[in-house]
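Chemist: One structure follows; several queries about it will come next.
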Amino acid sequence: MTGTHDSRNFFLEGPAGRLEAILWTLSAPTRHRPPLAAVVCHPHPLYGGTMHNKVVYQAAKSLDALGHPVLRFNFRGAGLSAGKHDHGMGEQEDVRAALDFLAKQFPGVPLFLAGFSFGAWVGLNVGCEYARVSHLIGLGIPVNSSDFSFLHRCRKPKLFVHGSADQYGAIRKVKTLVASLPGENHLVVVEGADHFFAEKLDQLDAAITNWLREVFRLRH
């Protein structure tokens, strides 16, 4: 964490009612037009997933440390968010609501979409189609049980970070998927890491940070 950010806890309006959210932004003395603003989506709410999940929190910290505004929110029915779980369909509308909010807060700024596990499946599905989203990050994509074929229609640059011992996404399947995708795609395999990157969050941080620095070095 930068130590120079403001943290705002609030509710944003979602299609099924209010969504509990936290927005980190640069504090006033250091505020400037950010190069990007990001939404980070959490894992499956029926298995305890919320925006406070350690992987989601680490991804947000990595983005925040580079000076980027970061929005986390709870899907419908999770935490204090209204509504009930909708097996990923309604949750896609929640992601759109979060992106719409961020787009209004930061007009003209490119948006990033990052998601972990269920949040990657739901979030990347929306991020591929959402015009303002320029880059995507998929963490621990659950390819064993979820259909990621929509990525074959998505040419936006993408980073995937995956544990070699991920019990919900066989690394062989992940490598095959990423190699088949159009556009720029980068896969970082964290050796020995399980689905939740237990004791490997520093390597998750390094993967996100290094990729973002490379993206903006190439762009600028």
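All residue names refer to the structure tokens as shown: chains lettered A, B, ... in order, residues numbered from 1 in each chain, ligands numbered from 1 in order.
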Which residues in stretch 5-178 of chain A does DSSP call alpha helix (DSSP H)? List them as number ranges by chain.

Modeler: A: 54-65, 89-105, 118-129, 171-178

Chemist: Might you pull out every residue within 12 Å of A:Phe116, with only C-alpha atoms counted and same-chain residues fewer than 2 positions away left off, and present them as a PDB file with N, CA and C atoms, in the first residue's frame?

Modeler:
```
ATOM      1  N   VAL A  39     -10.905  -2.277 -11.394  1.00  0.00           N
ATOM      2  CA  VAL A  39     -11.893  -3.017 -10.615  1.00  0.00           C
ATOM      3  C   VAL A  39     -11.315  -4.406 -10.357  1.00  0.00           C
ATOM      4  N   VAL A  40     -11.423  -4.878  -9.108  1.00  0.00           N
ATOM      5  CA  VAL A  40     -10.962  -6.223  -8.761  1.00  0.00           C
ATOM      6  C   VAL A  40     -12.159  -7.024  -8.245  1.00  0.00           C
ATOM      7  N   CYS A  41     -12.409  -8.182  -8.854  1.00  0.00           N
ATOM      8  CA  CYS A  41     -13.583  -9.005  -8.540  1.00  0.00           C
ATOM      9  C   CYS A  41     -13.202 -10.213  -7.677  1.00  0.00           C
ATOM     10  N   HIS A  42     -14.055 -10.505  -6.719  1.00  0.00           N
ATOM     11  CA  HIS A  42     -13.733 -11.529  -5.706  1.00  0.00           C
ATOM     12  C   HIS A  42     -14.200 -12.936  -6.093  1.00  0.00           C
ATOM     13  N   PRO A  43     -13.719 -13.961  -5.359  1.00  0.00           N
ATOM     14  CA  PRO A  43     -14.067 -15.356  -5.662  1.00  0.00           C
ATOM     15  C   PRO A  43     -15.502 -15.702  -5.244  1.00  0.00           C
ATOM     16  N   HIS A  44     -15.839 -16.964  -5.396  1.00  0.00           N
ATOM     17  CA  HIS A  44     -17.220 -17.438  -5.283  1.00  0.00           C
ATOM     18  C   HIS A  44     -17.832 -17.127  -3.924  1.00  0.00           C
ATOM     19  N   PRO A  45     -18.939 -16.360  -3.900  1.00  0.00           N
ATOM     20  CA  PRO A  45     -19.547 -15.984  -2.627  1.00  0.00           C
ATOM     21  C   PRO A  45     -20.166 -17.147  -1.867  1.00  0.00           C
ATOM     22  N   GLY A  49     -16.307 -16.291  -0.516  1.00  0.00           N
ATOM     23  CA  GLY A  49     -15.592 -15.250  -1.237  1.00  0.00           C
ATOM     24  C   GLY A  49     -16.211 -13.875  -1.046  1.00  0.00           C
ATOM     25  N   THR A  50     -15.370 -12.904  -0.710  1.00  0.00           N
ATOM     26  CA  THR A  50     -15.789 -11.505  -0.607  1.00  0.00           C
ATOM     27  C   THR A  50     -14.644 -10.632  -1.107  1.00  0.00           C
ATOM     28  N   MET A  51     -14.882  -9.319  -1.110  1.00  0.00           N
ATOM     29  CA  MET A  51     -13.843  -8.385  -1.544  1.00  0.00           C
ATOM     30  C   MET A  51     -12.681  -8.318  -0.567  1.00  0.00           C
ATOM     31  N   HIS A  52     -12.826  -8.951   0.603  1.00  0.00           N
ATOM     32  CA  HIS A  52     -11.749  -8.964   1.596  1.00  0.00           C
ATOM     33  C   HIS A  52     -10.854 -10.199   1.472  1.00  0.00           C
ATOM     34  N   ASN A  53     -11.129 -11.054   0.506  1.00  0.00           N
ATOM     35  CA  ASN A  53     -10.285 -12.223   0.243  1.00  0.00           C
ATOM     36  C   ASN A  53      -8.819 -11.797   0.099  1.00  0.00           C
ATOM     37  N   LYS A  54      -7.893 -12.607   0.595  1.00  0.00           N
ATOM     38  CA  LYS A  54      -6.474 -12.226   0.626  1.00  0.00           C
ATOM     39  C   LYS A  54      -5.886 -12.003  -0.770  1.00  0.00           C
ATOM     40  N   VAL A  55      -6.290 -12.808  -1.738  1.00  0.00           N
ATOM     41  CA  VAL A  55      -5.769 -12.646  -3.095  1.00  0.00           C
ATOM     42  C   VAL A  55      -6.297 -11.352  -3.715  1.00  0.00           C
ATOM     43  N   VAL A  56      -7.583 -11.094  -3.524  1.00  0.00           N
ATOM     44  CA  VAL A  56      -8.183  -9.856  -4.032  1.00  0.00           C
ATOM     45  C   VAL A  56      -7.530  -8.643  -3.372  1.00  0.00           C
ATOM     46  N   TYR A  57      -7.331  -8.726  -2.059  1.00  0.00           N
ATOM     47  CA  TYR A  57      -6.709  -7.624  -1.326  1.00  0.00           C
ATOM     48  C   TYR A  57      -5.286  -7.382  -1.818  1.00  0.00           C
ATOM     49  N   GLN A  58      -4.538  -8.472  -2.062  1.00  0.00           N
ATOM     50  CA  GLN A  58      -3.171  -8.315  -2.552  1.00  0.00           C
ATOM     51  C   GLN A  58      -3.150  -7.695  -3.943  1.00  0.00           C
ATOM     52  N   ALA A  59      -4.047  -8.118  -4.814  1.00  0.00           N
ATOM     53  CA  ALA A  59      -4.111  -7.522  -6.146  1.00  0.00           C
ATOM     54  C   ALA A  59      -4.414  -6.032  -6.054  1.00  0.00           C
ATOM     55  N   ALA A  60      -5.328  -5.667  -5.174  1.00  0.00           N
ATOM     56  CA  ALA A  60      -5.656  -4.254  -4.979  1.00  0.00           C
ATOM     57  C   ALA A  60      -4.453  -3.495  -4.440  1.00  0.00           C
ATOM     58  N   ARG A  72     -12.987  -2.242  -5.184  1.00  0.00           N
ATOM     59  CA  ARG A  72     -13.430  -3.600  -4.861  1.00  0.00           C
ATOM     60  C   ARG A  72     -14.898  -3.518  -4.446  1.00  0.00           C
ATOM     61  N   LEU A 113      -9.533  -4.525 -15.537  1.00  0.00           N
ATOM     62  CA  LEU A 113     -10.414  -5.450 -14.846  1.00  0.00           C
ATOM     63  C   LEU A 113      -9.586  -6.641 -14.385  1.00  0.00           C
ATOM     64  N   ALA A 114      -9.557  -6.865 -13.077  1.00  0.00           N
ATOM     65  CA  ALA A 114      -8.862  -8.022 -12.511  1.00  0.00           C
ATOM     66  C   ALA A 114      -9.863  -8.866 -11.747  1.00  0.00           C
ATOM     67  N   PHE A 118     -13.756 -17.369  -9.350  1.00  0.00           N
ATOM     68  CA  PHE A 118     -15.088 -17.021  -9.868  1.00  0.00           C
ATOM     69  C   PHE A 118     -15.122 -15.583 -10.370  1.00  0.00           C
ATOM     70  N   GLY A 119     -14.423 -14.699  -9.668  1.00  0.00           N
ATOM     71  CA  GLY A 119     -14.364 -13.296 -10.080  1.00  0.00           C
ATOM     72  C   GLY A 119     -13.665 -13.106 -11.409  1.00  0.00           C
ATOM     73  N   ALA A 120     -12.730 -13.998 -11.739  1.00  0.00           N
ATOM     74  CA  ALA A 120     -12.067 -13.936 -13.047  1.00  0.00           C
ATOM     75  C   ALA A 120     -13.018 -14.395 -14.148  1.00  0.00           C
ATOM     76  N   TRP A 121     -13.752 -15.463 -13.883  1.00  0.00           N
ATOM     77  CA  TRP A 121     -14.710 -15.971 -14.879  1.00  0.00           C
ATOM     78  C   TRP A 121     -15.779 -14.927 -15.175  1.00  0.00           C
ATOM     79  N   VAL A 122     -16.366 -14.363 -14.135  1.00  0.00           N
ATOM     80  CA  VAL A 122     -17.412 -13.358 -14.307  1.00  0.00           C
ATOM     81  C   VAL A 122     -16.828 -12.053 -14.854  1.00  0.00           C
ATOM     82  N   GLY A 123     -15.751 -11.588 -14.220  1.00  0.00           N
ATOM     83  CA  GLY A 123     -15.193 -10.279 -14.557  1.00  0.00           C
ATOM     84  C   GLY A 123     -14.604 -10.198 -15.950  1.00  0.00           C
ATOM     85  N   LEU A 124     -13.813 -11.185 -16.340  1.00  0.00           N
ATOM     86  CA  LEU A 124     -13.202 -11.148 -17.667  1.00  0.00           C
ATOM     87  C   LEU A 124     -14.250 -11.249 -18.758  1.00  0.00           C
ATOM     88  N   LEU A 136      -6.739  -6.814 -18.972  1.00  0.00           N
ATOM     89  CA  LEU A 136      -7.417  -7.770 -18.088  1.00  0.00           C
ATOM     90  C   LEU A 136      -6.399  -8.602 -17.315  1.00  0.00           C
ATOM     91  N   ILE A 137      -6.761  -8.946 -16.077  1.00  0.00           N
ATOM     92  CA  ILE A 137      -5.914  -9.803 -15.245  1.00  0.00           C
ATOM     93  C   ILE A 137      -6.771 -10.938 -14.691  1.00  0.00           C
ATOM     94  N   GLY A 138      -6.366 -12.176 -14.960  1.00  0.00           N
ATOM     95  CA  GLY A 138      -7.059 -13.346 -14.439  1.00  0.00           C
ATOM     96  C   GLY A 138      -6.170 -14.077 -13.448  1.00  0.00           C
ATOM     97  N   LEU A 139      -6.620 -14.190 -12.226  1.00  0.00           N
ATOM     98  CA  LEU A 139      -5.854 -14.842 -11.163  1.00  0.00           C
ATOM     99  C   LEU A 139      -6.527 -16.152 -10.773  1.00  0.00           C
ATOM    100  N   GLY A 140      -5.791 -17.233 -10.826  1.00  0.00           N
ATOM    101  CA  GLY A 140      -6.340 -18.528 -10.445  1.00  0.00           C
ATOM    102  C   GLY A 140      -7.615 -18.871 -11.208  1.00  0.00           C
ATOM    103  N   ILE A 141      -7.552 -18.828 -12.541  1.00  0.00           N
ATOM    104  CA  ILE A 141      -8.772 -19.074 -13.322  1.00  0.00           C
ATOM    105  C   ILE A 141      -9.213 -20.540 -13.156  1.00  0.00           C
ATOM    106  N   PRO A 142     -10.465 -20.773 -12.763  1.00  0.00           N
ATOM    107  CA  PRO A 142     -10.939 -22.131 -12.456  1.00  0.00           C
ATOM    108  C   PRO A 142     -11.363 -22.901 -13.704  1.00  0.00           C
ATOM    109  N   LEU A 159      -3.059 -10.609 -18.528  1.00  0.00           N
ATOM    110  CA  LEU A 159      -2.104 -11.286 -17.655  1.00  0.00           C
ATOM    111  C   LEU A 159      -2.849 -12.378 -16.905  1.00  0.00           C
ATOM    112  N   PHE A 160      -2.251 -13.559 -16.863  1.00  0.00           N
ATOM    113  CA  PHE A 160      -2.765 -14.650 -16.050  1.00  0.00           C
ATOM    114  C   PHE A 160      -1.694 -15.030 -15.033  1.00  0.00           C
ATOM    115  N   VAL A 161      -2.086 -15.146 -13.779  1.00  0.00           N
ATOM    116  CA  VAL A 161      -1.176 -15.612 -12.735  1.00  0.00           C
ATOM    117  C   VAL A 161      -1.815 -16.852 -12.123  1.00  0.00           C
ATOM    118  N   HIS A 162      -1.051 -17.937 -12.081  1.00  0.00           N
ATOM    119  CA  HIS A 162      -1.653 -19.219 -11.717  1.00  0.00           C
ATOM    120  C   HIS A 162      -0.651 -20.058 -10.921  1.00  0.00           C
ATOM    121  N   TYR A 168      -8.153 -26.091  -8.576  1.00  0.00           N
ATOM    122  CA  TYR A 168      -9.355 -25.788  -9.344  1.00  0.00           C
ATOM    123  C   TYR A 168      -9.054 -25.415 -10.795  1.00  0.00           C
ATOM    124  N   GLY A 169      -7.784 -25.385 -11.117  1.00  0.00           N
ATOM    125  CA  GLY A 169      -7.394 -25.075 -12.486  1.00  0.00           C
ATOM    126  C   GLY A 169      -6.113 -25.806 -12.836  1.00  0.00           C
ATOM    127  N   HIS A 195      -4.439 -22.809  -5.120  1.00  0.00           N
ATOM    128  CA  HIS A 195      -5.413 -21.879  -5.695  1.00  0.00           C
ATOM    129  C   HIS A 195      -5.390 -20.515  -5.017  1.00  0.00           C
ATOM    130  N   PHE A 196      -5.118 -20.523  -3.723  1.00  0.00           N
ATOM    131  CA  PHE A 196      -5.179 -19.283  -2.945  1.00  0.00           C
ATOM    132  C   PHE A 196      -3.813 -18.626  -2.748  1.00  0.00           C
ATOM    133  N   PHE A 197      -2.812 -19.118  -3.461  1.00  0.00           N
ATOM    134  CA  PHE A 197      -1.464 -18.562  -3.399  1.00  0.00           C
ATOM    135  C   PHE A 197      -0.956 -18.471  -1.956  1.00  0.00           C
ATOM    136  N   LEU A 204       2.708 -13.258  -6.306  1.00  0.00           N
ATOM    137  CA  LEU A 204       1.551 -12.699  -7.007  1.00  0.00           C
ATOM    138  C   LEU A 204       1.734 -11.199  -7.188  1.00  0.00           C
TER     139      LEU A 204
END
```

Chemist: Can you list, as a PyMOL selection string, every protein, DNA or RNA residue that comes within 9 Å of A:Ser62 when you count only C-alpha atoms, leaving out same-chain residues fewer than 6 positions away?

Modeler: chain A and resi 1+204-206+208-209

Chemist: Restricting the calculation to only C-alpha atoms: of A:Val189, A:Ala37, A:Val95, A:Met89, which residue gets closest to A:His68?

Modeler: A:Ala37

Chemist: Could you check how far atom CA of A:Arg96 sits from atom CA of A:Leu12, in Å to one decimal?

Modeler: 11.6 Å

Chemist: Excluding A:Ser81 and residues on its chain fewer than 3 positions from it, collect all residues at most 12 Å away from it, counting only C-alpha atoms, and give them as a PyMOL selection string.

Modeler: chain A and resi 10-21+45+50-51+73-78+84-85+91+94

Chemist: With only C-alpha atoms as the counted atoms, please give the residues lying no more than 7 Å from A:Ala38, apart from itself and same-chain residues fewer than 2 positions off, as a count of residues only.

Modeler: 8

Chemist: Which is closest to A:His32 among A:Phe106, A:Trp211, A:Phe216, A:Tyr130, if we use only C-alpha atoms?

Modeler: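 Result for the nearest residue to A:His32: A:Phe106.
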
Chemist: Between A:Gln105, A:Ala98, A:Val190, A:Leu46, which one has atoms that come closest to A:Gly79, using only C-alpha atoms?

Modeler: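 Using only C-alpha atoms, the shortest distance to A:Gly79 belongs to A:Leu46.
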
Chemist: Could you name the residues that touch A:Arg213 at 12 Å or less, counting only C-alpha atoms, but leaving out those on the same chain fewer than 6 positions away, as a list of chain:residue names?

Modeler: A:Pro35, A:Ser62, A:Leu63, A:Ala65, A:Leu66, A:Gly67, A:Ala206, A:Ala207, A:Arg219, A:His220

Chemist: Keeping C-alpha atoms, export the residues of the selection given above as a PDB file, in the first residue's frame.

Modeler:
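That gives us selection37.pdb:
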```
ATOM      1  CA  PRO A  35      -2.947   6.263 -16.088  1.00  0.00           C
ATOM      2  CA  SER A  62      -0.319  -4.082  -5.971  1.00  0.00           C
ATOM      3  CA  LEU A  63      -2.356  -1.711  -8.120  1.00  0.00           C
ATOM      4  CA  ALA A  65       1.170   0.825  -4.788  1.00  0.00           C
ATOM      5  CA  LEU A  66       1.616   1.971  -8.392  1.00  0.00           C
ATOM      6  CA  GLY A  67      -0.730   4.903  -7.810  1.00  0.00           C
ATOM      7  CA  ALA A 206       5.633  -9.289  -8.249  1.00  0.00           C
ATOM      8  CA  ALA A 207       3.807 -10.759 -11.258  1.00  0.00           C
ATOM      9  CA  ARG A 219       2.994   2.438 -24.004  1.00  0.00           C
ATOM     10  CA  HIS A 220       5.012   5.477 -22.936  1.00  0.00           C
TER      11      HIS A 220
END
```
